[in-house]
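Asker: Here it is, the structure in full.
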Amino acid sequence: MKSVLLNAFPRTQARRGGVKKLRDAGRIPAVIYGKLTPKPENLELVARELEDLIHHSVSENILVDLAVEKAKRLALVQEVQHHPLNGKILHVDFHEVSATEKVTIMVPVETVGEAAGVKTGGGVLEHVLFKIKCRALPKDLPEQIVVDVTHLEIGKSVHLGEIKAPEGVEILGDKAVPVIAVAMPKTEEEEAAEAAAGAAPAAG
């Protein structure tokens, strides 16, 4: 994963009212922490720059060179908080990392191709896991893991141990766990039963 330059500034307005003023001024509050940071530090970012960065990224797994007061700090975007209604970015957490030390992150799984069981058998492609745990040096971290599902027949799965990791990346977890599967299409009776179960009031 190539690092991307992002400007950041020390944040003095940490109280709730100060945060509102920040956002009104086109800034986004952020915090950076990690083994290289003795205690969490409050930062602020230019909203437009961060929105452009996330918009042009494959996922929110982003490695940044944070330029703070003429010093560059390598960090991973740990969490992005969005407004529940308008989707605007409210806050960002950065995890400062070392270029020479391996880190572990959750990486989104994407599929390519049309599964044989879907194309010819009317099956349904199911994502059992949407993210998998990967470990690598920051520069080797993948933004996403892409799995070709063209060969998958109905009733078959791609297991964690069958996914080829990019060079320098270790995929962690139980190798027998299914990640993507092709299931039998549901009958109308099954769909109706599921709908009824979903609509039933919870007991208690």
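Order determines the names: the first chain of the structure tokens is A, the second B, and so forth; residues in each chain are numbered 1 upward, and ligands are numbered 1 upward as they are shown.
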How would you write, as a PyMOL selection string, the set of residues in range 149-190 of chain A that DSSP gives as helix (DSSP H, G or I)?
Answerer: chain A and resi 160-162+188-190
Asker: Would you save the residues from that selection as a tab-separated table (two decimals), in the first residue's frame, using all heavy atoms?
Answerer:
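Output file part_6.tsv follows:
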```
chain	number	residue	atom	x	y	z
A	160	LEU	N	-10.61	-19.76	3.74
A	160	LEU	CA	-9.54	-18.80	4.04
A	160	LEU	C	-8.19	-19.33	3.55
A	160	LEU	O	-7.39	-18.58	2.99
A	160	LEU	CB	-9.49	-18.54	5.55
A	160	LEU	CG	-8.74	-17.29	6.00
A	160	LEU	CD1	-9.38	-16.02	5.44
A	160	LEU	CD2	-8.70	-17.20	7.52
A	161	GLY	N	-7.95	-20.62	3.76
A	161	GLY	CA	-6.67	-21.21	3.37
A	161	GLY	C	-6.47	-21.29	1.86
A	161	GLY	O	-5.35	-21.55	1.39
A	162	GLU	N	-7.54	-21.11	1.08
A	162	GLU	CA	-7.43	-21.18	-0.38
A	162	GLU	C	-7.17	-19.82	-1.03
A	162	GLU	O	-6.95	-19.74	-2.23
A	162	GLU	CB	-8.72	-21.77	-0.96
A	162	GLU	CG	-8.99	-23.19	-0.50
A	162	GLU	CD	-10.39	-23.68	-0.89
A	162	GLU	OE1	-11.38	-23.00	-0.52
A	162	GLU	OE2	-10.48	-24.71	-1.54
A	188	GLU	N	-39.82	-20.30	-2.52
A	188	GLU	CA	-40.79	-19.27	-2.11
A	188	GLU	C	-41.25	-19.52	-0.67
A	188	GLU	O	-41.46	-18.58	0.09
A	188	GLU	CB	-41.99	-19.27	-3.05
A	188	GLU	CG	-41.67	-18.65	-4.41
A	188	GLU	CD	-42.89	-18.60	-5.31
A	188	GLU	OE1	-44.02	-18.66	-4.80
A	188	GLU	OE2	-42.71	-18.49	-6.54
A	189	GLU	N	-41.37	-20.82	-0.30
A	189	GLU	CA	-41.82	-21.15	1.05
A	189	GLU	C	-40.78	-20.69	2.08
A	189	GLU	O	-41.12	-20.15	3.13
A	189	GLU	CB	-42.05	-22.67	1.20
A	189	GLU	CG	-43.26	-23.20	0.45
A	189	GLU	CD	-42.99	-23.46	-1.03
A	189	GLU	OE1	-41.85	-23.21	-1.47
A	189	GLU	OE2	-43.93	-23.86	-1.72
A	190	GLU	N	-39.49	-20.93	1.77
A	190	GLU	CA	-38.42	-20.52	2.69
A	190	GLU	C	-38.37	-19.00	2.84
A	190	GLU	O	-38.21	-18.47	3.93
A	190	GLU	CB	-37.06	-21.03	2.18
A	190	GLU	CG	-36.83	-22.51	2.38
A	190	GLU	CD	-35.56	-23.01	1.71
A	190	GLU	OE1	-35.17	-22.48	0.66
A	190	GLU	OE2	-34.94	-23.93	2.25
```
Asker: Considering only C-alpha atoms, return as a PyMOL selection string whatever protein or nucleic-acid residues lie within 9 Å of Leu137 in chain A, sequence-local ones (same chain, fewer than 4 positions apart) excluded.
Answerer: chain A and resi 98-104+141+168-169
Asker: What is the CA of Pro178 in chain A-CA of Asp140 in chain A distance in Å, reported with one decimal?
Answerer: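 Rounded to one decimal, the two atoms are 24.5 Å apart.
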Asker: Report as a PyMOL selection string: the residues of range 22-146 of chain A with a DSSP assignment of strand (DSSP E or B), based on the backbone of this structure.
Answerer: chain A and resi 27-34+37-46+63-68+71-82+89-96+103-112+124-127+131-136+145-146
Asker: Which residues are near range 113-119 of chain A? Cut-off 6 Å, only C-alpha atoms, ignore same chain within fewer than 5 positions. Put them as an MDAnalysis selection string.
Answerer: chainID A and resid 124 148:154
Asker: Can you spit out the residues from that selection as a PDB file, in the first residue's frame, using N, CA and C atoms?
Answerer:
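Printed below is result.pdb as written:
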```pdb
ATOM      1  N   VAL A 124     -26.981 -18.590  -5.324  1.00  0.00           N
ATOM      2  CA  VAL A 124     -26.811 -17.245  -4.760  1.00  0.00           C
ATOM      3  C   VAL A 124     -25.402 -17.132  -4.183  1.00  0.00           C
ATOM      4  N   ASP A 148     -11.269 -14.610  -7.204  1.00  0.00           N
ATOM      5  CA  ASP A 148     -11.961 -15.026  -8.427  1.00  0.00           C
ATOM      6  C   ASP A 148     -12.936 -16.146  -8.065  1.00  0.00           C
ATOM      7  N   VAL A 149     -14.222 -15.940  -8.342  1.00  0.00           N
ATOM      8  CA  VAL A 149     -15.236 -16.943  -7.962  1.00  0.00           C
ATOM      9  C   VAL A 149     -15.816 -17.675  -9.175  1.00  0.00           C
ATOM     10  N   THR A 150     -15.204 -17.487 -10.347  1.00  0.00           N
ATOM     11  CA  THR A 150     -15.752 -18.050 -11.585  1.00  0.00           C
ATOM     12  C   THR A 150     -16.006 -19.553 -11.473  1.00  0.00           C
ATOM     13  N   HIS A 151     -15.119 -20.284 -10.800  1.00  0.00           N
ATOM     14  CA  HIS A 151     -15.194 -21.755 -10.749  1.00  0.00           C
ATOM     15  C   HIS A 151     -16.197 -22.285  -9.729  1.00  0.00           C
ATOM     16  N   LEU A 152     -16.753 -21.414  -8.892  1.00  0.00           N
ATOM     17  CA  LEU A 152     -17.578 -21.891  -7.764  1.00  0.00           C
ATOM     18  C   LEU A 152     -18.922 -22.458  -8.220  1.00  0.00           C
ATOM     19  N   GLU A 153     -19.166 -23.714  -7.870  1.00  0.00           N
ATOM     20  CA  GLU A 153     -20.451 -24.370  -8.160  1.00  0.00           C
ATOM     21  C   GLU A 153     -21.352 -24.265  -6.927  1.00  0.00           C
ATOM     22  N   ILE A 154     -22.635 -24.610  -7.093  1.00  0.00           N
ATOM     23  CA  ILE A 154     -23.574 -24.586  -5.963  1.00  0.00           C
ATOM     24  C   ILE A 154     -23.084 -25.538  -4.868  1.00  0.00           C
TER      25      ILE A 154
END
```
Asker: Just the number, please: distance in Å from CA of Val179 in chain A to CA of Glu143 in chain A, one decimal.
Answerer: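 For CA of Val179 in chain A relative to CA of Glu143 in chain A, the distance reads 17.3 Å.
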